[in-house]
file protein39.txt (compact mmCIF, C-alpha atoms)
# COMPACT_ATOMS: atom_id res chain seq x y z
CA MET A 997 18.33 131.97 29.81
CA GLU A 998 20.18 133.85 27.11
CA ASN A 999 18.87 133.56 23.56
CA LYS A 1000 15.76 131.63 24.61
CA THR A 1001 12.42 132.23 22.92
CA ILE A 1002 9.03 131.64 24.48
CA LEU A 1003 5.99 131.44 22.23
CA ILE A 1004 2.67 132.34 23.87
CA VAL A 1005 -0.46 131.42 21.93
CA GLU A 1006 -3.39 133.04 23.73
CA ASP A 1007 -6.47 134.88 22.47
CA SER A 1008 -7.58 136.48 25.74
CA GLN A 1009 -6.01 139.91 26.18
CA ASP A 1010 -6.45 139.67 29.95
CA ASP A 1011 -4.60 136.33 30.06
CA LYS A 1012 -1.84 137.63 27.77
CA ASP A 1013 -1.40 140.66 30.01
CA LEU A 1014 -1.32 138.42 33.08
CA ILE A 1015 1.33 136.13 31.56
CA LEU A 1016 3.47 139.08 30.48
CA ARG A 1017 3.15 140.71 33.93
CA ALA A 1018 4.16 137.42 35.51
CA PHE A 1019 7.20 137.20 33.20
CA LYS A 1020 8.18 140.76 34.06
CA LYS A 1021 7.77 140.20 37.81
CA SER A 1022 9.72 136.94 37.52
CA ASN A 1023 12.47 138.69 35.56
CA VAL A 1024 12.18 136.34 32.59
CA GLN A 1025 15.01 137.25 30.23
CA ALA A 1026 13.79 135.46 27.12
CA LYS A 1027 12.47 136.77 23.85
CA VAL A 1028 8.68 136.49 24.07
CA VAL A 1029 6.49 136.12 20.99
CA VAL A 1030 2.75 136.50 21.55
CA LEU A 1031 0.23 135.22 19.00
CA GLN A 1032 -3.54 135.19 19.29
CA ASP A 1033 -4.92 132.30 17.32
CA GLY A 1034 -4.06 128.82 16.17
CA ALA A 1035 -3.67 129.72 12.51
CA GLU A 1036 -1.15 132.43 13.35
CA ALA A 1037 0.74 129.97 15.59
CA LEU A 1038 1.05 127.45 12.77
CA ASP A 1039 2.10 130.18 10.33
CA TYR A 1040 4.81 131.19 12.80
CA MET A 1041 6.02 127.63 13.38
CA TYR A 1042 5.99 126.71 9.69
CA CYS A 1043 7.27 130.09 8.38
CA ALA A 1044 4.14 130.83 6.37
CA GLY A 1045 2.05 133.94 5.79
CA ALA A 1046 3.43 136.93 7.67
CA TYR A 1047 6.24 134.75 9.08
CA GLN A 1048 7.90 133.62 5.83
CA ASP A 1049 11.31 135.11 6.65
CA LYS A 1050 12.84 132.20 8.60
CA ALA A 1051 15.86 134.27 9.64
CA GLN A 1052 13.65 136.78 11.41
CA PHE A 1053 11.60 134.33 13.51
CA ASP A 1054 13.20 132.00 16.06
CA VAL A 1055 12.02 128.47 16.72
CA PRO A 1056 10.72 128.68 20.29
CA ASP A 1057 12.40 126.91 23.19
CA LEU A 1058 9.09 126.74 25.05
CA ILE A 1059 5.46 127.09 23.97
CA LEU A 1060 2.61 128.19 26.25
CA LEU A 1061 -0.56 127.16 24.45
CA ASP A 1062 -4.18 127.96 25.20
CA LEU A 1063 -6.77 125.39 24.10
CA LYS A 1064 -9.79 127.49 23.19
CA LEU A 1065 -8.34 129.49 20.29
CA PRO A 1066 -10.03 131.06 17.29
CA LYS A 1067 -9.51 129.69 13.76
CA ILE A 1068 -7.58 126.56 14.80
CA ASP A 1069 -7.91 125.26 18.35
CA GLY A 1070 -5.00 124.46 20.64
CA LYS A 1071 -5.32 120.70 20.27
CA GLU A 1072 -4.94 120.97 16.50
CA VAL A 1073 -1.94 123.27 16.95
CA LEU A 1074 -0.37 120.80 19.37
CA GLU A 1075 -0.99 117.91 16.98
CA ALA A 1076 0.59 119.81 14.05
CA ILE A 1077 3.64 120.72 16.16
CA ARG A 1078 4.16 117.14 17.30
CA LYS A 1079 3.97 115.79 13.73
CA ASN A 1080 7.03 117.80 12.72
CA SER A 1081 10.39 116.19 13.56
CA VAL A 1082 12.01 119.59 14.18
CA PHE A 1083 9.31 120.75 16.62
CA LYS A 1084 8.27 117.53 18.32
CA LEU A 1085 10.75 117.92 21.19
CA ILE A 1086 9.89 121.54 22.02
CA PRO A 1087 8.24 121.63 25.45
CA VAL A 1088 4.57 122.58 25.11
CA ILE A 1089 2.71 123.66 28.21
CA VAL A 1090 -1.03 123.89 27.84
CA LEU A 1091 -2.48 126.76 29.87
CA SER A 1092 -6.23 126.38 29.91
CA SER A 1093 -9.23 127.37 31.95
CA SER A 1094 -10.70 123.96 31.12
CA GLY A 1095 -10.64 121.39 33.85
CA GLU A 1096 -12.43 118.82 31.69
CA ARG A 1097 -10.89 115.36 31.83
CA ASN A 1098 -11.19 114.93 28.04
CA ASP A 1099 -9.20 118.11 27.37
CA LEU A 1100 -6.52 117.08 29.83
CA ASN A 1101 -6.23 113.53 28.50
CA ASP A 1102 -6.37 114.63 24.85
CA CYS A 1103 -3.54 117.10 25.36
CA TYR A 1104 -1.27 114.53 26.94
CA ALA A 1105 -2.18 112.01 24.22
CA LEU A 1106 -1.20 114.62 21.61
CA GLY A 1107 2.19 115.18 23.26
CA ALA A 1108 1.78 118.05 25.73
CA ASN A 1109 4.55 118.16 28.30
CA SER A 1110 2.38 119.78 30.93
CA TYR A 1111 -1.22 120.88 31.46
CA ILE A 1112 -1.83 123.78 33.82
CA LYS A 1113 -5.30 124.99 34.70
CA LYS A 1114 -5.25 128.78 34.76
CA PRO A 1115 -5.93 130.13 38.21
CA ILE A 1116 -7.88 133.33 38.63
CA ASP A 1117 -5.65 134.69 41.39
CA PHE A 1118 -2.64 136.69 40.08
CA LYS A 1119 -0.33 135.70 42.96
CA ARG A 1120 -1.00 132.02 42.33
CA PHE A 1121 -0.52 132.55 38.58
CA LEU A 1122 2.77 134.35 39.21
CA ASP A 1123 3.99 131.44 41.34
CA ILE A 1124 3.04 128.97 38.59
CA ILE A 1125 4.86 130.98 35.89
CA GLU A 1126 7.99 131.33 38.04
CA VAL A 1127 8.13 127.61 38.77
CA THR A 1128 7.34 126.69 35.16
CA ILE A 1129 10.03 128.90 33.64
CA HIS A 1130 12.56 127.91 36.28
CA TYR A 1131 11.94 124.23 35.65
CA TRP A 1132 11.96 124.28 31.85
CA PHE A 1133 14.91 126.67 31.45
CA TYR A 1134 17.15 125.92 34.43
CA ILE A 1135 16.43 122.45 35.80
CA ASN A 1136 15.24 120.38 32.85
CA GLU A 1137 17.89 119.14 30.42
CA GLN A 1138 16.56 119.76 26.94
CA PRO A 1139 17.65 118.01 23.75
CA ARG A 1140 20.51 119.70 21.93
CA PHE A 1141 20.59 120.02 18.17

call {"tool": "encode", "arguments": {"input": "protein39.txt", "output": "structure tokens"}}
result
Amino acid sequence: MENKTILIVEDSQDDKDLILRAFKKSNVQAKVVVLQDGAEALDYMYCAGAYQDKAQFDVPDLILLDLKLPKIDGKEVLEAIRKNSVFKLIPVIVLSSSGERNDLNDCYALGANSYIKKPIDFKRFLDIIEVTIHYWFYINEQPRF
């Protein structure tokens, strides 16, 4: 998993801490970038605002995206990512507490690769993160540019 970058877009500090703990426990060896709202995520992806120096910020190999974000919600972020030819093939996994059918269907319609409902139990969450990272970085064949 050398030189891989994971972008986490999550506004809940508890959920961010949980994801990072799961990565640590799972021995994830990727660079991890954590952002807290949709506007910041789009700035990062499109090298705007605080992220203008393209050489300093890597295009992520995997994006973990919450739906209920401040400023710009996760669906809008997903839509903006999928409209860009450079980003449209990056795997985007929606991690959401929402189990609403509309959210699930909307995310897939917008191009999400996976939709995972956040469990409350840490052990279950750890298992999900381990399987997710293992699949997307070791099993799945990703496009090569």

call {"tool": "residues_around", "arguments": {"input": "protein39.txt", "residues": "range 1010-1022 of chain A", "least_positions_apart": "4", "cutoff": "7 Å", "atoms": "all atoms listed in the file", "output": "PyMOL selection string"}}
result
chain A and resi 1006+1122+1125-1126

call {"tool": "residues_around", "arguments": {"input": "protein39.txt", "residues": "Thr1128 in chain A", "least_positions_apart": "5", "cutoff": "12 Å", "atoms": "only C-alpha atoms", "output": "list of chain:residue names"}}
result
A:Ile1002, A:Ile1015, A:Ala1018, A:Phe1019, A:Ser1022, A:Val1024, A:Leu1058, A:Ile1059, A:Leu1060, A:Pro1087, A:Val1088, A:Ile1089, A:Val1090, A:Leu1091, A:Asn1109, A:Ser1110, A:Tyr1111, A:Ile1112, A:Phe1121, A:Leu1122, A:Asp1123, A:Phe1133, A:Tyr1134, A:Ile1135, A:Asn1136

call {"tool": "closest_residue", "arguments": {"input": "protein39.txt", "among": "A:Ile1004, A:Leu1065, A:Asp1057, A:Asp1117", "to": "Trp1132 in chain A", "atoms": "only C-alpha atoms"}}
result
A:Asp1057

call {"tool": "residues_around", "arguments": {"input": "protein39.txt", "residues": "range 1092-1099 of chain A", "least_positions_apart": "3", "cutoff": "6 Å", "atoms": "all atoms listed in the file", "output": "MDAnalysis selection string"}}
result
chainID A and resid 1062:1063 1102 1113:1114

call {"tool": "atom_distance", "arguments": {"input": "protein39.txt", "atom1": "CA of Asn999 in chain A", "atom2": "CA of Ala1026 in chain A"}}
result
6.5 Å

call {"tool": "residues_around", "arguments": {"input": "protein39.txt", "residues": "range 1046-1052 of chain A", "least_positions_apart": "5", "cutoff": "12 Å", "atoms": "all atoms listed in the file", "output": "list of chain:residue names"}}
result
A:Val1029, A:Leu1031, A:Ala1035, A:Glu1036, A:Ala1037, A:Leu1038, A:Asp1039, A:Tyr1040, A:Met1041

call {"tool": "atom_distance", "arguments": {"input": "protein39.txt", "atom1": "CA of Lys1119 in chain A", "atom2": "CA of Lys1000 in chain A"}}
result
24.7 Å

call {"tool": "atom_distance", "arguments": {"input": "protein39.txt", "atom1": "CA of Leu1061 in chain A", "atom2": "CA of Gly1034 in chain A"}}
result
9.1 Å

call {"tool": "closest_residue", "arguments": {"input": "protein39.txt", "among": "A:His1130, A:Pro1056, A:Val1028, A:Asp1069", "to": "Asp1007 in chain A", "atoms": "only C-alpha atoms"}}
result
A:Asp1069

call {"tool": "closest_residue", "arguments": {"input": "protein39.txt", "among": "A:Val1005, A:Glu1072, A:Arg1078, A:Ala1105", "to": "Val1030 in chain A", "atoms": "all atoms listed in the file"}}
result
A:Val1005

call {"tool": "residues_around", "arguments": {"input": "protein39.txt", "residues": "Leu1106 in chain A", "least_positions_apart": "3", "cutoff": "7 Å", "atoms": "only C-alpha atoms", "output": "list in words"}}
result
Leu1074, Glu1075, Asp1102 and Cys1103 of chain A

call {"tool": "write_last_selection", "arguments": {"input": "protein39.txt", "atoms": "C-alpha atoms", "output": "compact mmCIF listing (two decimals), in the frame of the given file"}}
result
# COMPACT_ATOMS: atom_id res chain seq x y z
CA LEU A 1074 -0.37 120.80 19.37
CA GLU A 1075 -0.99 117.91 16.98
CA ASP A 1102 -6.37 114.63 24.85
CA CYS A 1103 -3.54 117.10 25.36

call {"tool": "closest_residue", "arguments": {"input": "protein39.txt", "among": "A:Cys1043, A:Asp1054, A:Lys1064, A:Gln1009", "to": "Lys1027 in chain A", "atoms": "all atoms listed in the file"}}
result
A:Asp1054

call {"tool": "decode", "arguments": {"input": "protein39.txt", "residues": "range 1000-1036 of chain A", "atoms": "N, CA, C and O atoms", "output": "PDB file, in the first residue's frame"}}
result
ATOM      1  N   LYS A1000       0.040   5.335  -1.141  1.00  0.00           N
ATOM      2  CA  LYS A1000      -1.406   5.488  -1.295  1.00  0.00           C
ATOM      3  C   LYS A1000      -1.865   6.611  -0.377  1.00  0.00           C
ATOM      4  O   LYS A1000      -1.310   6.837   0.693  1.00  0.00           O
ATOM      5  N   THR A1001      -2.907   7.308  -0.823  1.00  0.00           N
ATOM      6  CA  THR A1001      -3.497   8.379  -0.030  1.00  0.00           C
ATOM      7  C   THR A1001      -4.976   8.112   0.146  1.00  0.00           C
ATOM      8  O   THR A1001      -5.674   7.820  -0.831  1.00  0.00           O
ATOM      9  N   ILE A1002      -5.428   8.221   1.377  1.00  0.00           N
ATOM     10  CA  ILE A1002      -6.845   8.082   1.700  1.00  0.00           C
ATOM     11  C   ILE A1002      -7.345   9.437   2.166  1.00  0.00           C
ATOM     12  O   ILE A1002      -6.754  10.050   3.055  1.00  0.00           O
ATOM     13  N   LEU A1003      -8.414   9.896   1.561  1.00  0.00           N
ATOM     14  CA  LEU A1003      -9.054  11.146   1.967  1.00  0.00           C
ATOM     15  C   LEU A1003     -10.293  10.799   2.782  1.00  0.00           C
ATOM     16  O   LEU A1003     -11.162  10.069   2.308  1.00  0.00           O
ATOM     17  N   ILE A1004     -10.354  11.309   3.995  1.00  0.00           N
ATOM     18  CA  ILE A1004     -11.524  11.145   4.863  1.00  0.00           C
ATOM     19  C   ILE A1004     -12.199  12.497   4.961  1.00  0.00           C
ATOM     20  O   ILE A1004     -11.570  13.492   5.327  1.00  0.00           O
ATOM     21  N   VAL A1005     -13.484  12.540   4.622  1.00  0.00           N
ATOM     22  CA  VAL A1005     -14.255  13.780   4.745  1.00  0.00           C
ATOM     23  C   VAL A1005     -15.359  13.492   5.761  1.00  0.00           C
ATOM     24  O   VAL A1005     -16.332  12.808   5.462  1.00  0.00           O
ATOM     25  N   GLU A1006     -15.163  13.999   6.968  1.00  0.00           N
ATOM     26  CA  GLU A1006     -16.034  13.679   8.099  1.00  0.00           C
ATOM     27  C   GLU A1006     -16.043  14.842   9.074  1.00  0.00           C
ATOM     28  O   GLU A1006     -14.982  15.327   9.461  1.00  0.00           O
ATOM     29  N   ASP A1007     -17.218  15.300   9.481  1.00  0.00           N
ATOM     30  CA  ASP A1007     -17.302  16.431  10.401  1.00  0.00           C
ATOM     31  C   ASP A1007     -17.368  16.019  11.862  1.00  0.00           C
ATOM     32  O   ASP A1007     -17.051  16.813  12.744  1.00  0.00           O
ATOM     33  N   SER A1008     -17.746  14.810  12.163  1.00  0.00           N
ATOM     34  CA  SER A1008     -17.858  14.352  13.545  1.00  0.00           C
ATOM     35  C   SER A1008     -16.482  13.954  14.079  1.00  0.00           C
ATOM     36  O   SER A1008     -15.848  13.036  13.546  1.00  0.00           O
ATOM     37  N   GLN A1009     -16.044  14.626  15.133  1.00  0.00           N
ATOM     38  CA  GLN A1009     -14.742  14.301  15.717  1.00  0.00           C
ATOM     39  C   GLN A1009     -14.716  12.865  16.223  1.00  0.00           C
ATOM     40  O   GLN A1009     -13.727  12.160  16.066  1.00  0.00           O
ATOM     41  N   ASP A1010     -15.804  12.416  16.829  1.00  0.00           N
ATOM     42  CA  ASP A1010     -15.864  11.036  17.318  1.00  0.00           C
ATOM     43  C   ASP A1010     -15.687  10.033  16.175  1.00  0.00           C
ATOM     44  O   ASP A1010     -14.953   9.054  16.306  1.00  0.00           O
ATOM     45  N   ASP A1011     -16.368  10.276  15.048  1.00  0.00           N
ATOM     46  CA  ASP A1011     -16.244   9.368  13.904  1.00  0.00           C
ATOM     47  C   ASP A1011     -14.848   9.426  13.288  1.00  0.00           C
ATOM     48  O   ASP A1011     -14.299   8.400  12.879  1.00  0.00           O
ATOM     49  N   LYS A1012     -14.264  10.626  13.216  1.00  0.00           N
ATOM     50  CA  LYS A1012     -12.891  10.746  12.708  1.00  0.00           C
ATOM     51  C   LYS A1012     -11.939   9.946  13.592  1.00  0.00           C
ATOM     52  O   LYS A1012     -11.106   9.189  13.086  1.00  0.00           O
ATOM     53  N   ASP A1013     -12.076  10.125  14.906  1.00  0.00           N
ATOM     54  CA  ASP A1013     -11.213   9.395  15.834  1.00  0.00           C
ATOM     55  C   ASP A1013     -11.383   7.886  15.676  1.00  0.00           C
ATOM     56  O   ASP A1013     -10.410   7.134  15.699  1.00  0.00           O
ATOM     57  N   LEU A1014     -12.622   7.454  15.505  1.00  0.00           N
ATOM     58  CA  LEU A1014     -12.916   6.035  15.335  1.00  0.00           C
ATOM     59  C   LEU A1014     -12.273   5.490  14.056  1.00  0.00           C
ATOM     60  O   LEU A1014     -11.646   4.421  14.066  1.00  0.00           O
ATOM     61  N   ILE A1015     -12.396   6.222  12.966  1.00  0.00           N
ATOM     62  CA  ILE A1015     -11.788   5.796  11.699  1.00  0.00           C
ATOM     63  C   ILE A1015     -10.269   5.721  11.840  1.00  0.00           C
ATOM     64  O   ILE A1015      -9.648   4.733  11.432  1.00  0.00           O
ATOM     65  N   LEU A1016      -9.671   6.743  12.438  1.00  0.00           N
ATOM     66  CA  LEU A1016      -8.217   6.761  12.589  1.00  0.00           C
ATOM     67  C   LEU A1016      -7.741   5.647  13.519  1.00  0.00           C
ATOM     68  O   LEU A1016      -6.698   5.030  13.275  1.00  0.00           O
ATOM     69  N   ARG A1017      -8.489   5.374  14.581  1.00  0.00           N
ATOM     70  CA  ARG A1017      -8.151   4.247  15.468  1.00  0.00           C
ATOM     71  C   ARG A1017      -8.242   2.927  14.706  1.00  0.00           C
ATOM     72  O   ARG A1017      -7.401   2.044  14.863  1.00  0.00           O
ATOM     73  N   ALA A1018      -9.272   2.803  13.886  1.00  0.00           N
ATOM     74  CA  ALA A1018      -9.429   1.583  13.094  1.00  0.00           C
ATOM     75  C   ALA A1018      -8.266   1.431  12.114  1.00  0.00           C
ATOM     76  O   ALA A1018      -7.732   0.326  11.939  1.00  0.00           O
ATOM     77  N   PHE A1019      -7.840   2.523  11.484  1.00  0.00           N
ATOM     78  CA  PHE A1019      -6.699   2.471  10.574  1.00  0.00           C
ATOM     79  C   PHE A1019      -5.442   2.029  11.328  1.00  0.00           C
ATOM     80  O   PHE A1019      -4.677   1.201  10.844  1.00  0.00           O
ATOM     81  N   LYS A1020      -5.238   2.621  12.503  1.00  0.00           N
ATOM     82  CA  LYS A1020      -4.050   2.292  13.292  1.00  0.00           C
ATOM     83  C   LYS A1020      -4.071   0.820  13.699  1.00  0.00           C
ATOM     84  O   LYS A1020      -3.082   0.112  13.562  1.00  0.00           O
ATOM     85  N   LYS A1021      -5.200   0.358  14.203  1.00  0.00           N
ATOM     86  CA  LYS A1021      -5.333  -1.042  14.620  1.00  0.00           C
ATOM     87  C   LYS A1021      -5.195  -1.996  13.442  1.00  0.00           C
ATOM     88  O   LYS A1021      -4.704  -3.104  13.591  1.00  0.00           O
ATOM     89  N   SER A1022      -5.605  -1.550  12.270  1.00  0.00           N
ATOM     90  CA  SER A1022      -5.521  -2.378  11.059  1.00  0.00           C
ATOM     91  C   SER A1022      -4.180  -2.233  10.356  1.00  0.00           C
ATOM     92  O   SER A1022      -3.966  -2.813   9.299  1.00  0.00           O
ATOM     93  N   ASN A1023      -3.307  -1.404  10.916  1.00  0.00           N
ATOM     94  CA  ASN A1023      -1.975  -1.176  10.361  1.00  0.00           C
ATOM     95  C   ASN A1023      -2.021  -0.627   8.936  1.00  0.00           C
ATOM     96  O   ASN A1023      -1.259  -1.052   8.070  1.00  0.00           O
ATOM     97  N   VAL A1024      -2.929   0.300   8.690  1.00  0.00           N
ATOM     98  CA  VAL A1024      -3.029   0.951   7.390  1.00  0.00           C
ATOM     99  C   VAL A1024      -1.791   1.815   7.191  1.00  0.00           C
ATOM    100  O   VAL A1024      -1.491   2.678   8.013  1.00  0.00           O
ATOM    101  N   GLN A1025      -1.078   1.571   6.106  1.00  0.00           N
ATOM    102  CA  GLN A1025       0.180   2.256   5.833  1.00  0.00           C
ATOM    103  C   GLN A1025       0.044   3.302   4.731  1.00  0.00           C
ATOM    104  O   GLN A1025       0.943   3.467   3.931  1.00  0.00           O
ATOM    105  N   ALA A1026      -1.063   3.971   4.679  1.00  0.00           N
ATOM    106  CA  ALA A1026      -1.296   4.997   3.661  1.00  0.00           C
ATOM    107  C   ALA A1026      -1.208   6.377   4.297  1.00  0.00           C
ATOM    108  O   ALA A1026      -1.355   6.530   5.512  1.00  0.00           O
ATOM    109  N   LYS A1027      -0.969   7.364   3.456  1.00  0.00           N
ATOM    110  CA  LYS A1027      -1.081   8.744   3.909  1.00  0.00           C
ATOM    111  C   LYS A1027      -2.572   9.023   4.081  1.00  0.00           C
ATOM    112  O   LYS A1027      -3.377   8.702   3.209  1.00  0.00           O
ATOM    113  N   VAL A1028      -2.949   9.601   5.210  1.00  0.00           N
ATOM    114  CA  VAL A1028      -4.355   9.868   5.492  1.00  0.00           C
ATOM    115  C   VAL A1028      -4.549  11.370   5.635  1.00  0.00           C
ATOM    116  O   VAL A1028      -3.871  12.024   6.420  1.00  0.00           O
ATOM    117  N   VAL A1029      -5.466  11.900   4.833  1.00  0.00           N
ATOM    118  CA  VAL A1029      -5.826  13.318   4.887  1.00  0.00           C
ATOM    119  C   VAL A1029      -7.245  13.387   5.433  1.00  0.00           C
ATOM    120  O   VAL A1029      -8.143  12.721   4.920  1.00  0.00           O
ATOM    121  N   VAL A1030      -7.437  14.187   6.488  1.00  0.00           N
ATOM    122  CA  VAL A1030      -8.746  14.300   7.121  1.00  0.00           C
ATOM    123  C   VAL A1030      -9.251  15.727   6.959  1.00  0.00           C
ATOM    124  O   VAL A1030      -8.579  16.680   7.355  1.00  0.00           O
ATOM    125  N   LEU A1031     -10.445  15.848   6.372  1.00  0.00           N
ATOM    126  CA  LEU A1031     -11.085  17.151   6.175  1.00  0.00           C
ATOM    127  C   LEU A1031     -12.455  17.111   6.830  1.00  0.00           C
ATOM    128  O   LEU A1031     -13.055  16.050   6.968  1.00  0.00           O
ATOM    129  N   GLN A1032     -12.983  18.301   7.215  1.00  0.00           N
ATOM    130  CA  GLN A1032     -14.214  18.268   7.984  1.00  0.00           C
ATOM    131  C   GLN A1032     -15.459  18.835   7.345  1.00  0.00           C
ATOM    132  O   GLN A1032     -16.525  18.776   7.943  1.00  0.00           O
ATOM    133  N   ASP A1033     -15.373  19.318   6.147  1.00  0.00           N
ATOM    134  CA  ASP A1033     -16.616  19.753   5.500  1.00  0.00           C
ATOM    135  C   ASP A1033     -16.490  19.624   3.986  1.00  0.00           C
ATOM    136  O   ASP A1033     -15.404  19.422   3.446  1.00  0.00           O
ATOM    137  N   GLY A1034     -17.629  19.726   3.324  1.00  0.00           N
ATOM    138  CA  GLY A1034     -17.666  19.533   1.889  1.00  0.00           C
ATOM    139  C   GLY A1034     -16.907  20.588   1.108  1.00  0.00           C
ATOM    140  O   GLY A1034     -16.278  20.291   0.090  1.00  0.00           O
ATOM    141  N   ALA A1035     -16.954  21.819   1.570  1.00  0.00           N
ATOM    142  CA  ALA A1035     -16.238  22.893   0.879  1.00  0.00           C
ATOM    143  C   ALA A1035     -14.731  22.649   0.926  1.00  0.00           C
ATOM    144  O   ALA A1035     -14.027  22.812  -0.080  1.00  0.00           O
ATOM    145  N   GLU A1036     -14.240  22.235   2.074  1.00  0.00           N
ATOM    146  CA  GLU A1036     -12.816  21.943   2.221  1.00  0.00           C
ATOM    147  C   GLU A1036     -12.422  20.754   1.328  1.00  0.00           C
ATOM    148  O   GLU A1036     -11.355  20.753   0.713  1.00  0.00           O
TER     149      GLU A1036
END
